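Worksheet: one structure, shown below.
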Amino acid sequence: MRTKMIENFVVGSAHTSTTFTTVLFVTLSFIILMMLIKKFAWGPITTMLSDRAQKISDDIDGAEQANEKAQTLLKKREDELVQTKAEAAGIVREARENAEKLANSIVTDAKQDANHYREKARKDIELEREQIIESAKREVADLSVQIASKILKKELSQDTHKELIDSYIEGLGKRHED
Amino acid sequence: MNEVSKIVTIAGLDFDLTVIGMTILTCAIIFGFTYGCSRNLQLKPKGKQNVLEAVIDFVKGILDSNLPKKEVGNYHLLAYTLFLFVLVSNMIGLMTKIEVHNASGVAVSYWKSPTADPMVTLTLAALMIILTNYFGIRKFGLHGYFVNSFKKPVSFLMPIKFMEEFTNVLTLGLRLYGNIFAGEVLLTLISNFAASKGIITFVFALPLEMVWQGFSIFIGGIQAYIFVTLTSVYLSHKIEAE
């Protein structure tokens, strides 16, 4: 019993006859296992892992580039917007100036036209009045002659008669003109 | 308490059939897992690929915290294989127990964790220490390796540094062996207790066994993590110039 107890505490004492074969077998099996894994599985695994690492770093780089591109694009758009606003303001200002100019010219033209028409109308009126006066003169003369000839038919000759009337009418016209 | 393995003799050499069989099974499980999960790998992982990548990333995390950045890729496969080997070895013995009583009445165990055998864990530990020294030589050349590993920071520590190589093997191997072996011993004790007084002890032993199995899974995972972490620490001593 005592010797058996001691045996249990001594490493490797249990199967001394198999020590060499066990050591050899475990060593070989471990190395063969490692080689088998290397031959059949490790290649694809490491390839996949490095591919993935590559892809992740590529994706990060791509994202950075895309971000940069977006930033520059945004800057460009903002610049363009500012420029466009300035352009639009310019166009509006120009249009307003043009409109004012046009309005002014229209008003001026209208004033000119109005003046022109007023002038023409005044001339027409004057002309017409003169014509009316002329015709009135003539008619009054004829009328007077007729009246006078009726009254003085027998006492006055035609010539003296006319002379009398003319002088009278002249006096009438002068008074009228005054 | 001592588990007796099935031993066969071929050509004058004794082979521990139990350990050999369980090691082959462990290797088969690891290779099957890795091979099965690495079919149709995609950049956008789904299903079993996620499981594989979780393990790979976990191991990578262990290496990252101990090795310089550019060295991690060189030892990733080694650490991955080592981690899964220790992890699966620790777990596999928890599942069941197969014992056959031979003609002389000794219970021969046919199913156990390979890491519950000291020779297996010491072999793994020695293999790792030898590999770390080999990697040191590969990186710095024989002279550079010797100076970097044993003469720095001060040369009078050289005997201790030499001794450390051997104590590292012992601590690394025996820590794993002790944890897993103790777990299996207790599992065996609980199962013996279950069978001792019929149905009553069986009912009491069942939850006990389940709790201890759960704890052993935890221990197994922790030990696999520690084994890989310490290996990477020892490796960093050899391949990092101080």
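Ligands are numbered from 1 in the order shown, chains are lettered A, B, ... in the order of the structure tokens, and residues start at 1 in each chain.
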Residues within 10 Å of range 184-195 of chain B, only C-alpha atoms, excluding chain neighbours under 4 positions, as a short mmCIF file (atom, residue, chain, number, x, y, z; two decimals) with all heavy atoms, in the first residue's frame:
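Once everything was written out, this is around_5.cif:
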```cif
data_model
loop_
_atom_site.label_atom_id
_atom_site.label_comp_id
_atom_site.auth_asym_id
_atom_site.auth_seq_id
_atom_site.Cartn_x
_atom_site.Cartn_y
_atom_site.Cartn_z
N MET B 1 -6.65 4.15 -7.71
CA MET B 1 -6.68 5.51 -8.22
C MET B 1 -5.88 5.65 -9.50
O MET B 1 -6.26 6.38 -10.40
CB MET B 1 -6.14 6.46 -7.15
CG MET B 1 -7.28 7.07 -6.40
SD MET B 1 -7.08 8.75 -6.01
CE MET B 1 -6.23 8.67 -4.47
N ASN B 2 -4.79 4.95 -9.55
CA ASN B 2 -3.96 5.05 -10.74
C ASN B 2 -4.62 4.35 -11.93
O ASN B 2 -5.02 3.20 -11.84
CB ASN B 2 -2.60 4.42 -10.45
CG ASN B 2 -1.58 4.87 -11.45
OD1 ASN B 2 -1.78 5.90 -12.08
ND2 ASN B 2 -0.52 4.11 -11.59
N GLU B 3 -4.74 5.12 -13.00
CA GLU B 3 -5.38 4.54 -14.17
C GLU B 3 -4.38 3.66 -14.91
O GLU B 3 -3.24 4.05 -15.15
CB GLU B 3 -5.88 5.64 -15.10
CG GLU B 3 -7.11 6.34 -14.55
CD GLU B 3 -7.56 7.46 -15.45
OE1 GLU B 3 -6.69 8.23 -15.90
OE2 GLU B 3 -8.77 7.57 -15.71
N ASN B 90 -8.00 18.12 -23.11
CA ASN B 90 -8.56 18.30 -21.78
C ASN B 90 -10.03 17.91 -21.73
O ASN B 90 -10.49 17.34 -20.74
CB ASN B 90 -8.44 19.77 -21.36
CG ASN B 90 -7.01 20.18 -21.15
OD1 ASN B 90 -6.12 19.33 -21.13
ND2 ASN B 90 -6.77 21.46 -21.03
N GLY B 93 -11.59 13.66 -22.22
CA GLY B 93 -11.69 12.66 -21.15
C GLY B 93 -12.89 12.85 -20.25
O GLY B 93 -13.23 11.96 -19.45
N LEU B 94 -13.51 14.04 -20.34
CA LEU B 94 -14.64 14.31 -19.46
C LEU B 94 -15.90 13.58 -19.89
O LEU B 94 -16.82 13.41 -19.11
CB LEU B 94 -14.92 15.82 -19.43
CG LEU B 94 -13.78 16.72 -18.96
CD1 LEU B 94 -14.17 18.16 -19.08
CD2 LEU B 94 -13.43 16.38 -17.53
N THR B 96 -16.70 10.45 -21.00
CA THR B 96 -17.11 9.12 -20.51
C THR B 96 -15.90 8.40 -19.93
O THR B 96 -14.81 8.96 -19.84
CB THR B 96 -17.72 8.30 -21.67
OG1 THR B 96 -18.22 7.09 -21.14
CG2 THR B 96 -16.70 7.99 -22.74
N LYS B 97 -16.14 7.20 -19.54
CA LYS B 97 -15.06 6.40 -18.97
C LYS B 97 -15.29 4.95 -19.37
O LYS B 97 -16.38 4.42 -19.16
CB LYS B 97 -15.08 6.55 -17.45
CG LYS B 97 -13.96 5.86 -16.75
CD LYS B 97 -13.78 6.44 -15.37
CE LYS B 97 -12.48 5.96 -14.77
NZ LYS B 97 -11.33 6.49 -15.53
N LYS B 112 -9.49 8.18 -21.80
CA LYS B 112 -9.07 9.23 -20.87
C LYS B 112 -8.48 10.40 -21.65
O LYS B 112 -8.20 10.27 -22.84
CB LYS B 112 -8.05 8.70 -19.87
CG LYS B 112 -6.71 8.34 -20.48
CD LYS B 112 -5.75 8.00 -19.37
CE LYS B 112 -4.31 8.01 -19.83
NZ LYS B 112 -3.38 7.85 -18.73
N SER B 113 -8.34 11.52 -20.96
CA SER B 113 -7.69 12.66 -21.61
C SER B 113 -6.23 12.34 -21.84
O SER B 113 -5.57 11.86 -20.91
CB SER B 113 -7.79 13.90 -20.73
OG SER B 113 -9.09 14.41 -20.74
N ALA B 116 -4.13 13.85 -19.28
CA ALA B 116 -4.11 13.31 -17.91
C ALA B 116 -2.95 12.34 -17.74
O ALA B 116 -2.84 11.69 -16.70
CB ALA B 116 -5.44 12.62 -17.60
N GLY B 178 -1.38 17.94 -13.73
CA GLY B 178 -1.99 17.94 -12.40
C GLY B 178 -3.45 18.34 -12.46
O GLY B 178 -4.31 17.67 -11.88
N ASN B 179 -3.74 19.41 -13.16
CA ASN B 179 -5.11 19.90 -13.24
C ASN B 179 -6.04 18.87 -13.87
O ASN B 179 -7.11 18.57 -13.34
CB ASN B 179 -5.17 21.19 -14.04
CG ASN B 179 -4.88 22.39 -13.18
OD1 ASN B 179 -5.74 22.86 -12.47
ND2 ASN B 179 -3.64 22.86 -13.23
N ILE B 180 -5.62 18.32 -15.00
CA ILE B 180 -6.51 17.43 -15.74
C ILE B 180 -6.62 16.07 -15.03
O ILE B 180 -7.70 15.49 -14.90
CB ILE B 180 -6.03 17.25 -17.19
CG1 ILE B 180 -5.89 18.62 -17.85
CG2 ILE B 180 -7.01 16.39 -17.98
CD1 ILE B 180 -7.09 19.51 -17.74
N ILE B 199 -29.42 2.87 -6.15
CA ILE B 199 -30.14 4.00 -6.72
C ILE B 199 -29.97 5.28 -5.90
O ILE B 199 -29.92 6.38 -6.46
CB ILE B 199 -31.64 3.64 -6.88
CG1 ILE B 199 -32.36 4.67 -7.75
CG2 ILE B 199 -32.32 3.49 -5.53
CD1 ILE B 199 -32.12 4.46 -9.21
N ILE B 200 -29.85 5.17 -4.56
CA ILE B 200 -29.79 6.37 -3.71
C ILE B 200 -28.54 7.18 -3.98
O ILE B 200 -28.59 8.38 -4.25
CB ILE B 200 -29.86 5.97 -2.22
CG1 ILE B 200 -31.13 5.18 -1.96
CG2 ILE B 200 -29.79 7.20 -1.32
CD1 ILE B 200 -31.13 4.45 -0.65
N THR B 201 -27.39 6.50 -3.95
CA THR B 201 -26.15 7.23 -4.21
C THR B 201 -26.09 7.71 -5.64
O THR B 201 -25.54 8.77 -5.92
CB THR B 201 -24.94 6.31 -3.93
OG1 THR B 201 -25.15 5.07 -4.58
CG2 THR B 201 -24.77 6.12 -2.45
N PHE B 202 -26.71 6.97 -6.53
CA PHE B 202 -26.71 7.37 -7.95
C PHE B 202 -27.40 8.73 -8.10
O PHE B 202 -26.88 9.62 -8.77
CB PHE B 202 -27.44 6.31 -8.79
CG PHE B 202 -27.39 6.58 -10.26
CD1 PHE B 202 -26.30 6.16 -11.02
CD2 PHE B 202 -28.42 7.26 -10.89
CE1 PHE B 202 -26.25 6.41 -12.38
CE2 PHE B 202 -28.37 7.51 -12.25
CZ PHE B 202 -27.29 7.08 -12.99
N VAL B 203 -28.55 8.88 -7.42
CA VAL B 203 -29.29 10.14 -7.53
C VAL B 203 -28.48 11.30 -6.97
O VAL B 203 -28.44 12.38 -7.55
CB VAL B 203 -30.65 10.02 -6.78
CG1 VAL B 203 -31.31 11.37 -6.67
CG2 VAL B 203 -31.55 9.04 -7.50
N PHE B 204 -27.78 11.06 -5.86
CA PHE B 204 -26.97 12.13 -5.28
C PHE B 204 -25.73 12.42 -6.12
O PHE B 204 -25.29 13.57 -6.22
CB PHE B 204 -26.56 11.77 -3.85
CG PHE B 204 -27.65 12.01 -2.85
CD1 PHE B 204 -28.35 10.96 -2.27
CD2 PHE B 204 -28.00 13.32 -2.52
CE1 PHE B 204 -29.38 11.20 -1.37
CE2 PHE B 204 -29.02 13.57 -1.62
CZ PHE B 204 -29.71 12.50 -1.04
N ALA B 205 -25.19 11.37 -6.70
CA ALA B 205 -23.92 11.53 -7.42
C ALA B 205 -24.10 12.22 -8.77
O ALA B 205 -23.19 12.90 -9.25
CB ALA B 205 -23.26 10.18 -7.63
N LEU B 206 -25.30 12.08 -9.33
CA LEU B 206 -25.50 12.61 -10.69
C LEU B 206 -25.28 14.12 -10.77
O LEU B 206 -24.46 14.58 -11.58
CB LEU B 206 -26.90 12.22 -11.20
CG LEU B 206 -27.13 12.49 -12.68
CD1 LEU B 206 -26.19 11.65 -13.54
CD2 LEU B 206 -28.58 12.21 -13.06
N LEU B 208 -23.68 16.00 -8.67
CA LEU B 208 -22.28 16.23 -8.31
C LEU B 208 -21.36 16.06 -9.52
O LEU B 208 -20.51 16.89 -9.81
CB LEU B 208 -21.86 15.24 -7.22
CG LEU B 208 -21.86 15.73 -5.77
CD1 LEU B 208 -21.46 14.57 -4.85
CD2 LEU B 208 -20.89 16.87 -5.61
N GLU B 209 -21.61 14.95 -10.21
CA GLU B 209 -20.79 14.64 -11.40
C GLU B 209 -20.95 15.73 -12.45
O GLU B 209 -19.98 16.17 -13.07
CB GLU B 209 -21.22 13.28 -11.98
CG GLU B 209 -20.40 12.81 -13.16
CD GLU B 209 -19.20 11.97 -12.72
OE1 GLU B 209 -18.90 11.98 -11.52
OE2 GLU B 209 -18.59 11.32 -13.59
N MET B 210 -22.21 16.20 -12.64
CA MET B 210 -22.47 17.24 -13.65
C MET B 210 -21.74 18.53 -13.29
O MET B 210 -21.11 19.16 -14.14
CB MET B 210 -23.97 17.50 -13.76
CG MET B 210 -24.70 16.42 -14.56
SD MET B 210 -26.46 16.47 -14.30
CE MET B 210 -26.86 18.03 -15.03
N TRP B 212 -19.11 18.86 -11.41
CA TRP B 212 -17.66 18.71 -11.55
C TRP B 212 -17.23 18.65 -13.03
O TRP B 212 -16.18 19.15 -13.39
CB TRP B 212 -17.17 17.47 -10.79
CG TRP B 212 -15.67 17.43 -10.78
CD1 TRP B 212 -14.87 16.56 -11.42
CD2 TRP B 212 -14.81 18.37 -10.12
NE1 TRP B 212 -13.56 16.86 -11.22
CE2 TRP B 212 -13.49 17.98 -10.41
CE3 TRP B 212 -15.03 19.49 -9.31
CZ2 TRP B 212 -12.38 18.67 -9.94
CZ3 TRP B 212 -13.92 20.17 -8.84
CH2 TRP B 212 -12.62 19.76 -9.15
N GLN B 213 -18.07 18.06 -13.86
CA GLN B 213 -17.77 18.07 -15.30
C GLN B 213 -17.75 19.49 -15.84
O GLN B 213 -16.86 19.88 -16.60
CB GLN B 213 -18.79 17.23 -16.06
CG GLN B 213 -18.41 15.76 -16.11
CD GLN B 213 -19.44 14.93 -16.82
OE1 GLN B 213 -20.61 15.31 -16.87
NE2 GLN B 213 -19.03 13.83 -17.37
N SER B 216 -14.71 21.10 -14.72
CA SER B 216 -13.56 20.56 -15.43
C SER B 216 -13.45 21.15 -16.84
O SER B 216 -12.34 21.35 -17.34
CB SER B 216 -13.64 19.03 -15.52
OG SER B 216 -13.51 18.48 -14.23
#
```
Mind listing the strand (DSSP E or B) residues of range 11-225 of chain B, per DSSP on the backbone, as a PyMOL selection string? chain B and resi 13-16+99-101+107-109
Could you list, as a short mmCIF file (atom, residue, chain, number, x, y, z; two decimals) with N, CA, C and O atoms, in the first residue's frame, the residues of chain B having an atom within 10 Å of chain A when counting only C-alpha atoms?
```
data_model
loop_
_atom_site.label_atom_id
_atom_site.label_comp_id
_atom_site.auth_asym_id
_atom_site.auth_seq_id
_atom_site.Cartn_x
_atom_site.Cartn_y
_atom_site.Cartn_z
N MET B 1 -6.65 4.15 -7.71
CA MET B 1 -6.68 5.51 -8.22
C MET B 1 -5.88 5.65 -9.50
O MET B 1 -6.26 6.38 -10.40
N ASN B 2 -4.79 4.95 -9.55
CA ASN B 2 -3.96 5.05 -10.74
C ASN B 2 -4.62 4.35 -11.93
O ASN B 2 -5.02 3.20 -11.84
N GLU B 3 -4.74 5.12 -13.00
CA GLU B 3 -5.38 4.54 -14.17
C GLU B 3 -4.38 3.66 -14.91
O GLU B 3 -3.24 4.05 -15.15
N VAL B 4 -4.84 2.46 -15.27
CA VAL B 4 -3.96 1.54 -16.00
C VAL B 4 -4.37 1.55 -17.46
O VAL B 4 -5.54 1.36 -17.79
N SER B 5 -3.39 1.80 -18.32
CA SER B 5 -3.71 1.85 -19.75
C SER B 5 -3.55 0.48 -20.38
O SER B 5 -2.87 -0.39 -19.85
N ILE B 7 -1.78 -1.77 -22.74
CA ILE B 7 -0.43 -1.73 -23.30
C ILE B 7 -0.23 -2.92 -24.22
O ILE B 7 -0.54 -4.06 -23.87
N VAL B 8 0.21 -2.62 -25.44
CA VAL B 8 0.52 -3.70 -26.37
C VAL B 8 2.00 -3.65 -26.70
O VAL B 8 2.62 -2.58 -26.68
N THR B 9 2.55 -4.76 -27.02
CA THR B 9 3.98 -4.83 -27.35
C THR B 9 4.13 -5.22 -28.81
O THR B 9 3.64 -6.25 -29.25
N LEU B 13 8.77 -3.13 -28.51
CA LEU B 13 8.47 -1.86 -27.89
C LEU B 13 7.07 -1.88 -27.30
O LEU B 13 6.14 -2.37 -27.93
N ASP B 14 6.95 -1.31 -26.09
CA ASP B 14 5.62 -1.24 -25.47
C ASP B 14 4.91 0.03 -25.92
O ASP B 14 5.47 1.12 -25.85
N PHE B 15 3.67 -0.14 -26.35
CA PHE B 15 2.88 1.02 -26.76
C PHE B 15 1.70 1.18 -25.81
O PHE B 15 0.98 0.22 -25.54
N ASP B 16 1.52 2.44 -25.35
CA ASP B 16 0.37 2.74 -24.49
C ASP B 16 -0.84 2.99 -25.41
O ASP B 16 -1.03 4.09 -25.92
N LEU B 17 -1.61 1.94 -25.61
CA LEU B 17 -2.66 2.00 -26.63
C LEU B 17 -3.71 3.06 -26.30
O LEU B 17 -4.23 3.72 -27.19
N VAL B 19 -3.43 5.99 -24.62
CA VAL B 19 -2.95 7.34 -24.93
C VAL B 19 -2.84 7.53 -26.44
O VAL B 19 -3.25 8.56 -26.97
N ILE B 20 -2.33 6.50 -27.12
CA ILE B 20 -2.18 6.62 -28.57
C ILE B 20 -3.54 6.79 -29.24
O ILE B 20 -3.74 7.65 -30.09
N THR B 23 -4.96 10.21 -28.48
CA THR B 23 -4.24 11.26 -29.21
C THR B 23 -4.68 11.29 -30.66
O THR B 23 -4.91 12.37 -31.23
N ILE B 24 -4.82 10.11 -31.25
CA ILE B 24 -5.29 10.06 -32.64
C ILE B 24 -6.69 10.67 -32.74
O ILE B 24 -6.98 11.46 -33.64
N THR B 26 -8.03 12.89 -30.75
CA THR B 26 -7.89 14.34 -30.58
C THR B 26 -7.47 15.01 -31.89
O THR B 26 -8.06 16.00 -32.33
N CYS B 27 -6.44 14.45 -32.52
CA CYS B 27 -5.95 15.00 -33.77
C CYS B 27 -7.05 14.97 -34.83
O CYS B 27 -7.22 15.93 -35.60
N ALA B 28 -7.80 13.88 -34.87
CA ALA B 28 -8.86 13.75 -35.86
C ALA B 28 -9.92 14.82 -35.64
O ALA B 28 -10.41 15.45 -36.59
N ILE B 30 -9.56 17.75 -34.14
CA ILE B 30 -9.04 19.08 -34.47
C ILE B 30 -8.97 19.26 -35.97
O ILE B 30 -9.40 20.29 -36.52
N PHE B 31 -8.44 18.24 -36.67
CA PHE B 31 -8.31 18.38 -38.11
C PHE B 31 -9.69 18.46 -38.76
O PHE B 31 -9.92 19.27 -39.66
N GLY B 32 -10.62 17.62 -38.27
CA GLY B 32 -11.98 17.66 -38.82
C GLY B 32 -12.62 19.02 -38.63
O GLY B 32 -13.22 19.58 -39.56
N THR B 34 -11.08 21.97 -38.14
CA THR B 34 -10.42 23.01 -38.93
C THR B 34 -10.74 22.85 -40.41
O THR B 34 -11.05 23.82 -41.10
N TYR B 35 -10.67 21.58 -40.88
CA TYR B 35 -10.91 21.35 -42.30
C TYR B 35 -12.38 21.65 -42.65
O TYR B 35 -12.67 22.34 -43.62
N GLY B 36 -13.28 21.16 -41.81
CA GLY B 36 -14.71 21.35 -42.09
C GLY B 36 -15.12 22.81 -42.06
O GLY B 36 -15.95 23.24 -42.87
N CYS B 37 -14.54 23.57 -41.14
CA CYS B 37 -14.94 24.97 -41.00
C CYS B 37 -14.28 25.88 -42.02
O CYS B 37 -14.71 27.01 -42.21
N SER B 38 -13.19 25.37 -42.65
CA SER B 38 -12.48 26.27 -43.56
C SER B 38 -12.85 26.04 -45.02
O SER B 38 -12.16 26.51 -45.91
N ARG B 39 -13.96 25.29 -45.26
CA ARG B 39 -14.43 25.15 -46.65
C ARG B 39 -15.26 26.38 -47.00
O ARG B 39 -15.97 26.92 -46.15
N ASN B 40 -15.16 26.81 -48.26
CA ASN B 40 -15.94 27.95 -48.75
C ASN B 40 -15.79 29.18 -47.86
O ASN B 40 -16.76 29.75 -47.40
N LEU B 41 -14.54 29.56 -47.62
CA LEU B 41 -14.31 30.74 -46.79
C LEU B 41 -14.77 31.99 -47.54
O LEU B 41 -14.55 32.11 -48.74
N GLN B 42 -15.42 32.86 -46.81
CA GLN B 42 -15.90 34.10 -47.44
C GLN B 42 -15.44 35.31 -46.64
O GLN B 42 -15.18 35.21 -45.45
N LEU B 43 -15.38 36.44 -47.34
CA LEU B 43 -14.97 37.67 -46.65
C LEU B 43 -15.99 38.05 -45.59
O LEU B 43 -15.66 38.58 -44.55
N LYS B 44 -17.27 37.76 -45.92
CA LYS B 44 -18.31 38.03 -44.94
C LYS B 44 -18.69 36.70 -44.31
O LYS B 44 -19.40 35.90 -44.92
N GLN B 49 -17.89 29.24 -40.17
CA GLN B 49 -16.69 30.05 -40.36
C GLN B 49 -16.48 31.00 -39.18
O GLN B 49 -15.35 31.31 -38.79
N LEU B 52 -14.68 29.10 -36.37
CA LEU B 52 -13.26 28.96 -36.67
C LEU B 52 -12.53 30.28 -36.44
O LEU B 52 -11.47 30.33 -35.82
N GLU B 53 -13.15 31.36 -36.93
CA GLU B 53 -12.49 32.67 -36.80
C GLU B 53 -12.43 33.13 -35.35
O GLU B 53 -11.48 33.81 -34.96
N ILE B 56 -9.43 31.35 -33.99
CA ILE B 56 -8.20 31.92 -34.56
C ILE B 56 -7.92 33.29 -33.95
O ILE B 56 -6.79 33.61 -33.57
N GLY B 73 2.30 36.61 -36.94
CA GLY B 73 1.90 35.76 -38.07
C GLY B 73 2.73 34.50 -38.19
O GLY B 73 2.24 33.45 -38.58
N HIS B 76 1.45 31.87 -35.55
CA HIS B 76 0.00 31.75 -35.38
C HIS B 76 -0.46 30.30 -35.53
O HIS B 76 -1.24 29.81 -34.73
N LEU B 77 0.07 29.63 -36.55
CA LEU B 77 -0.34 28.24 -36.80
C LEU B 77 0.06 27.34 -35.63
O LEU B 77 -0.72 26.52 -35.16
N LEU B 78 1.28 27.54 -35.14
CA LEU B 78 1.77 26.73 -34.01
C LEU B 78 0.87 26.94 -32.79
O LEU B 78 0.41 25.98 -32.16
N ALA B 79 0.57 28.20 -32.50
CA ALA B 79 -0.23 28.49 -31.31
C ALA B 79 -1.66 27.95 -31.49
O ALA B 79 -2.26 27.44 -30.53
N TYR B 80 -2.18 28.07 -32.71
CA TYR B 80 -3.53 27.57 -32.98
C TYR B 80 -3.60 26.06 -32.77
O TYR B 80 -4.49 25.55 -32.07
N THR B 81 -2.65 25.34 -33.35
CA THR B 81 -2.63 23.88 -33.20
C THR B 81 -2.46 23.49 -31.74
O THR B 81 -3.15 22.61 -31.22
N LEU B 82 -1.53 24.19 -31.07
CA LEU B 82 -1.25 23.88 -29.67
C LEU B 82 -2.48 24.11 -28.80
O LEU B 82 -2.87 23.26 -27.98
N PHE B 85 -5.10 21.51 -29.51
CA PHE B 85 -4.64 20.20 -29.06
C PHE B 85 -4.83 20.05 -27.56
O PHE B 85 -5.41 19.07 -27.08
N PRO B 114 -5.71 12.59 -23.04
CA PRO B 114 -4.27 12.39 -23.24
C PRO B 114 -3.47 13.26 -22.27
O PRO B 114 -2.41 12.86 -21.79
N ASP B 117 -2.13 12.24 -18.76
CA ASP B 117 -0.94 11.39 -18.69
C ASP B 117 0.29 12.30 -18.63
O ASP B 117 0.46 13.16 -19.49
N PRO B 118 1.13 12.15 -17.60
CA PRO B 118 2.27 13.09 -17.47
C PRO B 118 3.22 13.06 -18.65
O PRO B 118 3.79 14.09 -19.02
N MET B 119 3.37 11.90 -19.28
CA MET B 119 4.31 11.84 -20.40
C MET B 119 3.84 12.68 -21.57
O MET B 119 4.63 13.29 -22.29
N VAL B 120 2.54 12.73 -21.75
CA VAL B 120 2.01 13.52 -22.87
C VAL B 120 2.24 15.01 -22.61
O VAL B 120 2.74 15.74 -23.46
N THR B 121 1.88 15.47 -21.40
CA THR B 121 2.03 16.90 -21.12
C THR B 121 3.49 17.31 -21.11
O THR B 121 3.86 18.36 -21.63
N LEU B 122 4.36 16.45 -20.52
CA LEU B 122 5.79 16.79 -20.50
C LEU B 122 6.36 16.80 -21.91
O LEU B 122 7.22 17.61 -22.23
N THR B 123 5.86 15.87 -22.75
CA THR B 123 6.32 15.87 -24.14
C THR B 123 5.94 17.17 -24.83
O THR B 123 6.76 17.79 -25.51
N LEU B 124 4.68 17.58 -24.64
CA LEU B 124 4.23 18.83 -25.25
C LEU B 124 5.08 20.00 -24.74
O LEU B 124 5.53 20.84 -25.52
N ALA B 126 8.10 19.97 -23.40
CA ALA B 126 9.47 19.89 -23.91
C ALA B 126 9.53 20.29 -25.38
O ALA B 126 10.43 21.01 -25.82
N LEU B 127 8.54 19.84 -26.14
CA LEU B 127 8.49 20.19 -27.57
C LEU B 127 8.43 21.70 -27.73
O LEU B 127 9.13 22.29 -28.56
N LEU B 174 3.75 19.78 -15.86
CA LEU B 174 3.12 19.23 -14.66
C LEU B 174 1.89 20.03 -14.25
O LEU B 174 0.95 19.47 -13.67
N TYR B 177 -0.82 18.57 -16.44
CA TYR B 177 -1.10 17.19 -16.02
C TYR B 177 -1.85 17.17 -14.70
O TYR B 177 -2.87 16.48 -14.57
#
```
Contact residues around Glu99 in chain B with only C-alpha atoms at 7 Å, ignoring same-chain residues under 6 positions, as a ChimeraX atom specification: /B:107-110
Output the selection as a PDB file, in the first residue's frame - all heavy atoms for each residue.
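Result file is out.pdb:
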```pdb
ATOM      1  N   ALA B 107      -8.502  -3.066 -13.526  1.00  0.00           N
ATOM      2  CA  ALA B 107      -9.350  -2.282 -14.413  1.00  0.00           C
ATOM      3  C   ALA B 107      -8.486  -1.544 -15.430  1.00  0.00           C
ATOM      4  O   ALA B 107      -7.686  -0.688 -15.062  1.00  0.00           O
ATOM      5  CB  ALA B 107     -10.178  -1.282 -13.608  1.00  0.00           C
ATOM      6  N   VAL B 108      -8.642  -1.892 -16.683  1.00  0.00           N
ATOM      7  CA  VAL B 108      -7.858  -1.240 -17.739  1.00  0.00           C
ATOM      8  C   VAL B 108      -8.717  -0.150 -18.380  1.00  0.00           C
ATOM      9  O   VAL B 108      -9.822  -0.417 -18.848  1.00  0.00           O
ATOM     10  CB  VAL B 108      -7.418  -2.260 -18.811  1.00  0.00           C
ATOM     11  CG1 VAL B 108      -6.678  -1.544 -19.918  1.00  0.00           C
ATOM     12  CG2 VAL B 108      -6.554  -3.322 -18.164  1.00  0.00           C
ATOM     13  N   SER B 109      -8.184   1.085 -18.373  1.00  0.00           N
ATOM     14  CA  SER B 109      -8.945   2.227 -18.901  1.00  0.00           C
ATOM     15  C   SER B 109      -8.702   2.381 -20.401  1.00  0.00           C
ATOM     16  O   SER B 109      -7.559   2.346 -20.856  1.00  0.00           O
ATOM     17  CB  SER B 109      -8.524   3.500 -18.167  1.00  0.00           C
ATOM     18  OG  SER B 109      -9.111   4.599 -18.776  1.00  0.00           O
ATOM     19  N   TYR B 110      -9.769   2.519 -21.126  1.00  0.00           N
ATOM     20  CA  TYR B 110      -9.633   2.697 -22.576  1.00  0.00           C
ATOM     21  C   TYR B 110      -9.949   4.135 -23.015  1.00  0.00           C
ATOM     22  O   TYR B 110      -9.870   4.449 -24.188  1.00  0.00           O
ATOM     23  CB  TYR B 110     -10.562   1.732 -23.326  1.00  0.00           C
ATOM     24  CG  TYR B 110     -10.014   0.340 -23.406  1.00  0.00           C
ATOM     25  CD1 TYR B 110     -10.281  -0.603 -22.424  1.00  0.00           C
ATOM     26  CD2 TYR B 110      -9.199  -0.018 -24.478  1.00  0.00           C
ATOM     27  CE1 TYR B 110      -9.770  -1.876 -22.498  1.00  0.00           C
ATOM     28  CE2 TYR B 110      -8.671  -1.293 -24.567  1.00  0.00           C
ATOM     29  CZ  TYR B 110      -8.966  -2.223 -23.572  1.00  0.00           C
ATOM     30  OH  TYR B 110      -8.447  -3.471 -23.655  1.00  0.00           O
TER      31      TYR B 110
END
```
What's the 12 Å shell around range 157-164 of chain A, counting only C-alpha atoms, without same-chain residues fewer than 2 positions away, as a PDB file with C-alpha atoms, in the first residue's frame?
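Written out: out-v5.pdb:
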```pdb
ATOM      1  CA  ALA A 141     -71.021 141.774 -96.108  1.00  0.00           C
ATOM      2  CA  ASP A 142     -73.314 139.997 -98.487  1.00  0.00           C
ATOM      3  CA  LEU A 143     -76.139 140.219 -95.992  1.00  0.00           C
ATOM      4  CA  SER A 144     -75.524 143.903 -95.410  1.00  0.00           C
ATOM      5  CA  VAL A 145     -75.405 144.560 -99.111  1.00  0.00           C
ATOM      6  CA  GLN A 146     -78.634 142.747 -99.578  1.00  0.00           C
ATOM      7  CA  ILE A 147     -80.293 144.588 -96.675  1.00  0.00           C
ATOM      8  CA  ALA A 148     -78.903 147.921 -97.705  1.00  0.00           C
ATOM      9  CA  SER A 149     -79.766 147.361-101.310  1.00  0.00           C
ATOM     10  CA  LYS A 150     -83.274 146.546-100.235  1.00  0.00           C
ATOM     11  CA  ILE A 151     -83.519 149.700 -98.110  1.00  0.00           C
ATOM     12  CA  LEU A 152     -81.664 152.066-100.364  1.00  0.00           C
ATOM     13  CA  LYS A 153     -82.564 150.455-103.634  1.00  0.00           C
ATOM     14  CA  LYS A 154     -83.299 153.557-105.367  1.00  0.00           C
ATOM     15  CA  GLU A 155     -81.222 156.260-103.724  1.00  0.00           C
ATOM     16  CA  ASP A 166     -66.968 148.113 -96.813  1.00  0.00           C
ATOM     17  CA  SER A 167     -65.916 150.942 -94.626  1.00  0.00           C
ATOM     18  CA  TYR A 168     -68.444 149.951 -92.151  1.00  0.00           C
ATOM     19  CA  ILE A 169     -67.390 146.300 -92.083  1.00  0.00           C
ATOM     20  CA  GLU A 170     -63.774 147.270 -91.754  1.00  0.00           C
ATOM     21  CA  GLY A 171     -64.649 149.162 -88.690  1.00  0.00           C
TER      22      GLY A 171
END
```
